[in-house]
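Peer 1: Dropping the structure in here first, questions after.
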Amino acid sequence: MTLLEFARGPAIHWALIILVAGTIWRLLGVLVLTRGGDLSRPRDAFGNYKGYRTVFSRAWPSSEFNVATRYQTIVAYLFHFATLIVVVGITAHIEFIQSLTGASWPALPNAAGVAIGIVALVSLLALILRRLTNPSIYCSNLGDYITWILVAAPLITGLMAFAHLGPRYETMLAIHILTVALMFIWFPFSKLMHSIWFVFSRAQSGLTYAHKGVQI
Amino acid sequence: MSTSAAVAPIFPTFEQVCQGFAGQIGMLRQLAPEPTLTDAVRVERAIDTLIAETNAGEAVWLESCIHCGQCTTACHFFQATGEAKYAPMRKMELYRRIYQREVGPFRWWYKLITRPVKLKDLEELQELVYDSCSECGRCTMVCPMGIDTASLVHHLRSALVAAELVPAELAALTAEQKHRGTIFGASADTLMNMINTIRDHYGVTIPLDKPSAEVMVLSSAVDLVANGNGLLATARIMNHLGVDWTMCSDGFESANFGLLSGDMALWRQQSESITTAAQRIGAKTLVIAECGHAYPALRWNPMIKGGSLPFDMVYMSEFLGRMAKAGRLNLTPIDGKITYHDPCKTGRRGGAFDQPRAVLQAMNADYVELPSGREYNWCCGGGAGIFLLERATRLRDESFKIKIKQVNATGAATVVVSCASCRLNFEAGRVKNHWDKEVASLVELVADHLIDTPARTPAATSSQPGVTA
């Protein structure tokens, strides 16, 4: 078995199994806990439903916090969208997804894929630079840095494989797939789970405050 | 029922009240109970408390933090000092560790890779959850995950109660309220004496222990032991409105040191005495005095079955706002530009925004909103018991500068508050900084502007008969 065969075969498959099983385990472990009810009388009878708006409204900070949050918000949005586009938009990824699910769609031109991949990488660098230069704001721990490395690695190796930099293409591609596998394995145990938690967390707070007639 | 304005005042000014309290607070430190349990038991009790209080809600919030740093600058204590340890997300780090080790889905793993919690960790936590968090909730307004750090801090306070690690001043008052049912000695006798003084000197009647009444009114220790003007103002307004009201000698204290310290057994004892008295007299409305945290202690406490209680619980500013909106308050106009500071517990964490503004409007006030107002208002820095902590003086003083800047930006001459804690903190800050603003309490302002014709025959312009309290 070559390195590429290992990466494309057992490595990525086991990583996906751990990703799915771990995520379900962590979600269930939290969501099966009892939920403390709020017995106090709501400010208005249907007010609580308004709380769900927070899931969407919190996608962008209030203008009150414009200055303080501008950098983080804009750069984080660039990173998230650029990464998402690259993940689902370039030929190689679509072929991989098709091999798993059968679904397929038209790919971006290669040049666009590279450009967006670079945007993702540069924005990720911009985020870590700010984190490193403002330690008092970020309160970083080991998990934050491991997560950053495991997210940056697939981007870097993917761009290198695409540009035929570094070792020969097959090896580079194998390394790329292995870094993705590592990120998948890390996902359920790390803050990457925020991609799921945010819905629950925002909804809870939205409801808590809407109960009192406050829109957050 | 109402009084003539010619009576010479006998109660101290609020500046004097504030100075008097400073002396009393100093003595509290000597009265604080000493820890009685062994270190190991204290740690175990703290952990057990958190395990018991961690539901899915708390777990989701603890799981969601991504250390993005947005909350940091939203906190007045960080903003004022720039010190990393005051970042809101740091305040829940220890909670997260305990959660991960004891409750979370990967607890077996975190038990291997994280340090067990020691008493020293809890001792360090004390400053983070008492001195430097007023549970104001401003960080929740910016958090992209919407994490309600204030409620997590509240659980941590309960854990520190179990670990006998409540700061001295709060511990002393908690013990006093628990064992003697008083705060700063404000007992039922104190209440009766104050009622008699107000009746004898001002000719204002305060009904006490009527067997039944529509409206039950609470007071607070600040009013009973020092600021008689607060209770006097309340009585004048109630009599002006002509409502069927009473105070109850077995349930008159708004302040709840159970909620402030995190001692939820005391919280229950204290809040139940009030709800029991209100039910006994058949009250339709319970009016909570201007005492910010009494609002979440009673009205919004998730453990009080508000839906099935036969009466409404309203904060003083809410009650006054209802009356103003119903045209039942006859008030003279107010001079000068005015702004209003929403106490965290009644504003962002209570939703009573419109009512106090309606009261000011009823006085034709030249009203101007604070920049970063309403839901985004900066805490004054004295809430959740912090005003009482001598050790937190620097944090309070530094964060109050934000408040000064915020109020100055409005150009108002007077800032109105509706919370005794805020008011004490504002007054202390005003004196300390030689600040040229006037700090007024909403209830006293209203009383000062009452037109002494009974409002039951209101002016035709604002008549809305049939509106009940």
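By order in the structure tokens, chains are A, B, ...; within a chain, residues start at 1; ligands start at 1, following the order shown.
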Counting only C-alpha atoms, which residues of chain B sit at most 8 Å from some atom of chain A, and what is each one's closest atom pair with its distance in Å to one decimal, listed by chain and rising residue number, as a tab-separated table?

Peer 2:
residue	atom	partner	partner_atom	distance
B:Asn55	CA	A:Thr34	CA	5.4
B:Ala56	CA	A:Leu33	CA	4.9
B:Gly57	CA	A:Arg35	CA	6.4
B:Ala59	CA	A:Val30	CA	6.3
B:Val60	CA	A:Ser201	CA	5.9
B:Trp61	CA	A:Ser201	CA	5.8
B:Glu63	CA	A:Trp197	CA	7.4
B:Ser64	CA	A:His194	CA	5.6
B:Cys65	CA	A:Lys191	CA	7.4
B:Ile66	CA	A:Lys191	CA	5.8
B:His67	CA	A:Tyr138	CA	5.7
B:Cys68	CA	A:Tyr138	CA	6.1
B:Gly69	CA	A:Tyr138	CA	4.5
B:Gln70	CA	A:Thr69	CA	6.4
B:Thr72	CA	A:Ile137	CA	5.8
B:Thr73	CA	A:Ala68	CA	7.1
B:Ala74	CA	A:Phe65	CA	7.9
B:Gly82	CA	A:Ser136	CA	7.8
B:Glu83	CA	A:Ser136	CA	6.9
B:Ala84	CA	A:Ser136	CA	4.3
B:Lys85	CA	A:Ser136	CA	7.7
B:Ala87	CA	A:Ile137	CA	7.1
B:Met89	CA	A:Cys139	CA	7.7
B:Arg90	CA	A:Cys139	CA	7.0
B:Gly104	CA	A:Gly29	CA	6.6
B:Pro105	CA	A:Gly29	CA	4.7
B:Phe106	CA	A:Arg26	CA	7.5
B:Met141	CA	A:Ile216	CA	6.0
B:Val142	CA	A:Pro61	CA	6.2
B:Pro144	CA	A:Arg58	CA	5.9
B:Met145	CA	A:Phe198	CA	5.2
B:Gly146	CA	A:Arg202	CA	4.7
B:Ile147	CA	A:Ser201	CA	6.3
B:Asp148	CA	A:Ser205	CA	6.3
B:Arg299	CA	A:Ser40	CA	6.9
B:Trp300	CA	A:Ser40	CA	5.5
B:Asn301	CA	A:Ser40	CA	6.0
B:Pro302	CA	A:Asp38	CA	4.2
B:Met303	CA	A:Leu39	CA	5.8
B:Ile304	CA	A:Ser40	CA	5.8
B:Lys305	CA	A:Leu39	CA	4.8
B:Gly306	CA	A:Ser40	CA	4.3
B:Gly307	CA	A:Arg41	CA	4.7
B:Arg348	CA	A:Val214	CA	6.6
B:Arg349	CA	A:Tyr209	CA	7.0
B:Gly350	CA	A:Lys212	CA	5.6
B:Gly351	CA	A:Gly213	CA	5.1
B:Ser372	CA	A:Glu64	CA	6.6
B:Glu375	CA	A:Ile216	CA	7.6
B:Tyr376	CA	A:Glu64	CA	7.3

Peer 1: Could you dump the residues just selected with C-alpha atoms as a PDB file, in the first residue's frame?

Peer 2:
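Written output follows (again_35.pdb):
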ATOM      1  CA  ASN B  55     -27.913  21.472  33.185  1.00  0.00           C
ATOM      2  CA  ALA B  56     -27.851  21.269  29.406  1.00  0.00           C
ATOM      3  CA  GLY B  57     -28.009  25.071  29.200  1.00  0.00           C
ATOM      4  CA  ALA B  59     -23.116  22.755  29.390  1.00  0.00           C
ATOM      5  CA  VAL B  60     -23.838  24.192  25.940  1.00  0.00           C
ATOM      6  CA  TRP B  61     -22.474  27.592  26.979  1.00  0.00           C
ATOM      7  CA  GLU B  63     -18.830  23.964  25.297  1.00  0.00           C
ATOM      8  CA  SER B  64     -19.339  26.868  22.912  1.00  0.00           C
ATOM      9  CA  CYS B  65     -16.569  29.325  23.770  1.00  0.00           C
ATOM     10  CA  ILE B  66     -13.989  29.664  20.968  1.00  0.00           C
ATOM     11  CA  HIS B  67     -11.737  32.170  22.735  1.00  0.00           C
ATOM     12  CA  CYS B  68     -12.434  34.753  20.056  1.00  0.00           C
ATOM     13  CA  GLY B  69     -11.838  37.594  22.502  1.00  0.00           C
ATOM     14  CA  GLN B  70     -14.927  39.632  21.590  1.00  0.00           C
ATOM     15  CA  THR B  72     -13.100  41.054  26.606  1.00  0.00           C
ATOM     16  CA  THR B  73     -13.540  44.682  25.652  1.00  0.00           C
ATOM     17  CA  ALA B  74     -17.279  44.592  26.334  1.00  0.00           C
ATOM     18  CA  GLY B  82      -6.712  46.336  30.593  1.00  0.00           C
ATOM     19  CA  GLU B  83      -5.822  43.366  32.800  1.00  0.00           C
ATOM     20  CA  ALA B  84      -6.170  40.009  31.106  1.00  0.00           C
ATOM     21  CA  LYS B  85      -7.566  38.202  34.116  1.00  0.00           C
ATOM     22  CA  ALA B  87     -11.765  39.038  30.570  1.00  0.00           C
ATOM     23  CA  MET B  89     -14.194  34.219  29.290  1.00  0.00           C
ATOM     24  CA  ARG B  90     -11.521  33.730  31.967  1.00  0.00           C
ATOM     25  CA  GLY B 104     -18.940  16.476  30.036  1.00  0.00           C
ATOM     26  CA  PRO B 105     -19.114  13.624  27.517  1.00  0.00           C
ATOM     27  CA  PHE B 106     -15.309  13.141  27.536  1.00  0.00           C
ATOM     28  CA  MET B 141     -24.431  41.183  23.850  1.00  0.00           C
ATOM     29  CA  VAL B 142     -21.252  40.798  21.795  1.00  0.00           C
ATOM     30  CA  PRO B 144     -20.868  35.470  18.659  1.00  0.00           C
ATOM     31  CA  MET B 145     -22.027  32.338  20.462  1.00  0.00           C
ATOM     32  CA  GLY B 146     -24.333  34.359  22.737  1.00  0.00           C
ATOM     33  CA  ILE B 147     -22.840  32.784  25.870  1.00  0.00           C
ATOM     34  CA  ASP B 148     -24.532  34.043  29.036  1.00  0.00           C
ATOM     35  CA  ARG B 299     -39.757  38.620  39.360  1.00  0.00           C
ATOM     36  CA  TRP B 300     -37.393  36.704  37.099  1.00  0.00           C
ATOM     37  CA  ASN B 301     -36.185  33.923  39.259  1.00  0.00           C
ATOM     38  CA  PRO B 302     -36.615  30.733  37.226  1.00  0.00           C
ATOM     39  CA  MET B 303     -37.399  28.792  40.395  1.00  0.00           C
ATOM     40  CA  ILE B 304     -40.397  30.923  41.408  1.00  0.00           C
ATOM     41  CA  LYS B 305     -43.566  29.713  39.743  1.00  0.00           C
ATOM     42  CA  GLY B 306     -44.555  33.172  38.579  1.00  0.00           C
ATOM     43  CA  GLY B 307     -47.184  31.826  36.248  1.00  0.00           C
ATOM     44  CA  ARG B 348     -30.536  44.339  29.997  1.00  0.00           C
ATOM     45  CA  ARG B 349     -31.330  41.514  32.395  1.00  0.00           C
ATOM     46  CA  GLY B 350     -34.857  42.595  33.248  1.00  0.00           C
ATOM     47  CA  GLY B 351     -36.426  44.309  30.258  1.00  0.00           C
ATOM     48  CA  SER B 372     -24.389  52.894  24.456  1.00  0.00           C
ATOM     49  CA  GLU B 375     -29.424  46.974  26.266  1.00  0.00           C
ATOM     50  CA  TYR B 376     -25.855  48.120  25.767  1.00  0.00           C
TER      51      TYR B 376
END

Peer 1: Using DSSP on the backbone coordinates, identify the residues of region 199-398 of chain B assigned to strand (DSSP E or B); present them as a list in words.

Peer 2: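 Restricting region 199-398 of chain B to strand (DSSP E or B) produces Leu208, Val215, Met216, Val217, Ser219, Trp245, Thr246, Met247, Glu253, Thr285, Leu286, Val287, Ile288, Asp312, Met313, Val314, Tyr315, Leu331, Lys337, Ile338, Thr339, Tyr340, Asp366 and Tyr367 of chain B.
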
Peer 1: From the list A:Leu207, A:Ala120, A:Ala181, A:Arg8, which residue is nearest Val87 (chain A) when using only C-alpha atoms?

Peer 2: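 Counting only C-alpha atoms, the residue closest to Val87 (chain A) is A:Ala120.
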
Peer 1: Between CA of Leu132 (chain A) and CA of Ile113 (chain B), measure the distance and give it in Å to one decimal.

Peer 2: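 Distance reported for this atom pair: 24.4 Å.
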
Peer 1: For region 210-215 of chain B, list every protein, DNA or RNA residue within 9 Å, evaluated using only C-alpha atoms, and leave out those in the same chain fewer than 4 positions away; present the list as a PyMOL selection string.

Peer 2: chain B and resi 243-248+278+280-287+469

Peer 1: Write a file of the selected residues as a tab-separated table (two decimals), in the first residue's frame, keeping C-alpha atoms.

Peer 2:
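Done, and the output landed in again_30.tsv:
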chain	number	residue	atom	x	y	z
B	243	VAL	CA	-54.17	52.65	45.93
B	244	ASP	CA	-55.13	50.12	48.58
B	245	TRP	CA	-51.62	49.30	49.77
B	246	THR	CA	-49.71	47.93	52.71
B	247	MET	CA	-46.29	46.89	53.89
B	248	CYS	CA	-45.89	43.59	55.73
B	278	ALA	CA	-48.35	38.63	49.40
B	280	ARG	CA	-51.90	35.90	52.58
B	281	ILE	CA	-53.07	39.48	52.12
B	282	GLY	CA	-54.50	38.72	48.67
B	283	ALA	CA	-52.27	41.22	46.91
B	284	LYS	CA	-52.74	41.71	43.17
B	285	THR	CA	-49.45	43.54	42.77
B	286	LEU	CA	-46.15	43.27	44.56
B	287	VAL	CA	-43.99	46.37	44.17
B	469	ALA	CA	-52.59	48.69	39.69

Peer 1: Could you give me, as a PyMOL selection string, each residue of region 274-359 of chain B that DSSP assigns to alpha helix (DSSP H) when run on this structure's backbone?

Peer 2: chain B and resi 274-280+294-298+316-325+354-359
